[in-house]
Structures are given as structure tokens and as C-alpha cells.
Amino acid sequence: MEKLIITVALTGNVPTKEMNPYVPISAEEIAQDVRRCRDLGASVFHVHARGRDGKPTLKLEYYIENVLRIKEVAPDVIIQLSTGARAGKDWQDRAGPVKLLPEMASFTTGSTNLPGIVYENSPQFLEFLASLFKETEVKPELEIFEVGMINNAIFLSKKGYLEPPFHFNFVLGAPGAMPYSVKNLLFLLESIPPNSTWSATGIGNSAIPCATASIIMGGHVRVGLEDSLFMPDGSLATNPKLVEKVVKIAKEIGREIATPDEARKILSLDPLKKDVILERCFSYRKN
Ligand code: ZN
């Protein structure tokens with residue numbers, strides 16, 4: 001079986017220190033978690049930004065701060081910036097992180113209910129964002145909350161916006177969206193084009209069961225405090241603890257863990273582009 005890529009969704013838009021004191025909010029806290037998780041075996045980091053008030057923001061200055069600090073402490077990791085909508089609905093703002101030219105950025109190819117909101121990604125927005133992915137050659141992680149979103153991704157590819165091989169992340173168990181079960185996971189992975197790579201994310205209590213199923217089924221794994229605040233035993237989770245748990249399960253069943261460079265190969269990322277984001281962040285800072 002292919003080596004296992006572990007992605008960490010460190011912060012998200014929803015968790016607060018009141019919900020879990022270990023949620024990394026500042027650039028320094030985020031970078032320290034990246035370093036620890038990288039040393040434990042994680043290779044991809046899904047990064048959001050928070051303002052000084054701790055609230056989600058799409059302001060590039062905060063993304064840039066996070067990126068520069070992460071690259072200082074863990075220069076070889078793959079940075080995946082979020083284009084999620086909880087921090088703002090403006091199309092240009094949501095596209096901003098892609099313009100920083102990270103190795104990857106998240107791209108949810110459809111709308112769904114989530115706690116308290118409609119996570120809105122209209123057909124027009126999908127074409128807008130997909131054309132930016134094409135233009136910048138940033139690799140999207142296609143965030144899939146239900147099977148129609150896979151169809152939308154295939155549709156965008158037929159229109160020439162998205163280039164295979166695709167990387168899908170199945171997000172299961174979010175209240176309002178598709179629940180986690182092995183049956184649902186199997187259904188989704190049987191619905192993606194051949195030669196795609198995939199990972200899975202279980203929200204809340206399903207985080208570790210979903211990661212375990214994915215490890216067994218040959219997929220990759222995303223865990224982190226964005227997706228679950230507690231360990232299976234009910235204790236408070238930390239990002240390193242979640243990674244440690246996934247590594248332990250993988251090792252028990254003989255699945256090896258991918259390094260960042262091995263992850264680049266599996267995800268068809270050009271290793272020469274790994275630091276383009278740094279140049280881009282520096283030039284944004286100057287202007
Ligand atoms: Zn996210």
C-alpha cells in the first residue's frame with residue numbers, strides 16, 4: 001500500500017481557546033504545532049488565519065504571517081491554505097490565499113449546510129475559483145461533503161478548469177452534511193475518477209474511526225483541532241496528540257508514513273515550487 005499522507009487541519013474558523021485551550025491561534029502557536037506534528041509524521045498543513053482578536057479573517061497579512069513563521073520552523077512541509085467561507089463571503093477575499101501560490105489550497109466544490117450556516121459555493125463561484133486554480137497552477141484539495149460535489153469537480157474538469165490527477169478529501173460527520181460510515185466512505189471513493197488520490201476527515205467523534213478506515217482502505221488522513229476537539233477517550237485533543245494517534249494506528253497495521261517529499265510525489269506536486277509561496281509572501285509584504 002502507498003505510504004500514508006497525514007494532513008493536519010490545525011485551527012479552522014470555529015474552535016476557540018474556550019472550547020479547547022490547545023487550539024493554535026497566533027502565528028507562533030500555529031508554527032509550533034506544525035513543527036511538533038511534522039516531527040511526528042505529518043506532511044501537509046491546512047492553514048487558516050485568525051486576526052489579533054482571534055476571529056477568522058481572510059486578510060492576507062495574517063496568512064502571510066502564518067506562512068513565514070511555519071516556513072521558518074518547518075521549511076519542508078506542504079502548506080495548504082484555506083479558501084473557506086466562514087471568514088468572509090467576498091469572492092476576491094476567498095481567492096486571496098490561492099494568489100499567495102501555496103503548494104495546495106482547499107476548494108469545496110458545492111454547497112452544504114453546516115452548523116448555523118449554509119456553506120455557500122455557487123456554480124458561478126466554483127467557476128471563478130476553479131479558473132484561478134488553473135491560472136496559478138495551485139493544486140486544489142477538493143473538499144467533498146457529499147457525492148454531488150465530486151460530480152461538480154468532474155464537470156469543472158470537463159470545462160477545462162481543473163486538471164487531473166485530482167486530490168479529494170472526504171469530509172464526513174459534519175452536522176448538516178453526510179454522516180461518517182464506512183459505507184459512505186466507500187461510496188464516495190468509488191465515485192471518484194481513477195488515478196485520483198484521496199483522504200478522509202471525520203468530524204467530531206468520527207475523527208479517529210474515519211482515519212482508521214481510511215488507513216485500511218488505502219486512503220490518506222486529515223485530522224486536527226479544526227475537525228475534532230476531543231480524543232476518543234473524551235480528553236481534550238491537541239494537534240500533536242491526534243497525529244500521534246494516527247501514526248500509532250498506521251504502524252500497528254504496517255502502513256508506512258510519507259515524508260513531505262514523499263507526499264509531494266504521491267500528490268504530483270512539483271518539488272521545485274515548494275518555496276514559491278515564500279517569494280510571493282515577501283513581495284506582498286513589500287507592496
Ligand atoms: Zn479548513
# chains A, B, ... in the order shown; residues from 1 in each chain; ligands from 1
>>> closest_atom_pairs(of="chain A", to="ligand 1", cutoff="12 Å", atoms="only C-alpha atoms and all ligand atoms", output="CSV")
residue,atom,partner,partner_atom_place_in_ligand_line,distance
A:Thr7,CA,ligand 1,1 (Zn),11.3
A:Val8,CA,ligand 1,1 (Zn),9.8
A:Ala9,CA,ligand 1,1 (Zn),6.3
A:Leu10,CA,ligand 1,1 (Zn),8.4
A:Thr11,CA,ligand 1,1 (Zn),7.6
A:Gly12,CA,ligand 1,1 (Zn),4.7
A:Asn13,CA,ligand 1,1 (Zn),6.9
A:Val14,CA,ligand 1,1 (Zn),9.4
A:Pro15,CA,ligand 1,1 (Zn),11.0
A:Phe45,CA,ligand 1,1 (Zn),10.1
A:His46,CA,ligand 1,1 (Zn),6.4
A:Val47,CA,ligand 1,1 (Zn),6.9
A:His48,CA,ligand 1,1 (Zn),6.3
A:Ala49,CA,ligand 1,1 (Zn),9.8
A:Pro56,CA,ligand 1,1 (Zn),10.8
A:Gln80,CA,ligand 1,1 (Zn),9.5
A:Leu81,CA,ligand 1,1 (Zn),8.1
A:Ser82,CA,ligand 1,1 (Zn),5.4
A:Thr83,CA,ligand 1,1 (Zn),7.7
A:Gly84,CA,ligand 1,1 (Zn),6.2
A:Ala85,CA,ligand 1,1 (Zn),9.3
A:Arg86,CA,ligand 1,1 (Zn),9.3
A:Ala87,CA,ligand 1,1 (Zn),10.4
A:Ala105,CA,ligand 1,1 (Zn),9.8
A:Ser106,CA,ligand 1,1 (Zn),7.5
A:Phe107,CA,ligand 1,1 (Zn),9.7
A:Thr108,CA,ligand 1,1 (Zn),10.0
A:Glu141,CA,ligand 1,1 (Zn),10.8
A:Leu142,CA,ligand 1,1 (Zn),11.6
A:Glu143,CA,ligand 1,1 (Zn),9.3
A:Asn169,CA,ligand 1,1 (Zn),11.3
A:Val171,CA,ligand 1,1 (Zn),10.6
A:Thr201,CA,ligand 1,1 (Zn),11.0
A:Ile203,CA,ligand 1,1 (Zn),11.7
A:Arg222,CA,ligand 1,1 (Zn),10.6
A:Val223,CA,ligand 1,1 (Zn),10.8
A:Gly224,CA,ligand 1,1 (Zn),9.9
A:Leu225,CA,ligand 1,1 (Zn),10.1
A:Glu226,CA,ligand 1,1 (Zn),6.6
A:Asp227,CA,ligand 1,1 (Zn),8.4
A:Ser228,CA,ligand 1,1 (Zn),11.9
>>> select_by_dssp(residues="segment 167-278 of chain A", states="strand (DSSP E or B)", output="ChimeraX atom specification")
/A:167-172,197-202,220-223,230,236,257
>>> residues_around(residues="Ile79 of chain A", least_positions_apart="2", cutoff="12 Å", atoms="only C-alpha atoms", output="NGL selection string")
:A and (7-10 or 31 or 34 or 38 or 42-48 or 63-64 or 66-71 or 74-77 or 81-82 or 97-98 or 100-106 or 138-141 or 260 or 263-264 or 269 or 273-278)
>>> select_by_dssp(residues="segment 12-241 of chain A", states="alpha helix (DSSP H)", output="PyMOL selection string")
chain A and resi 27-40+60-73+91-99+123-136+147-158+182-189+207-217+239-241
>>> closest_residue(among="A:Met19, A:Ile5, A:Glu61, A:Ile249", to="Asn287 of chain A", atoms="only C-alpha atoms")
A:Glu61
>>> closest_residue(among="A:Val247, A:Leu188, A:Thr136, A:Leu126", to="Lys99 of chain A", atoms="only C-alpha atoms")
A:Thr136
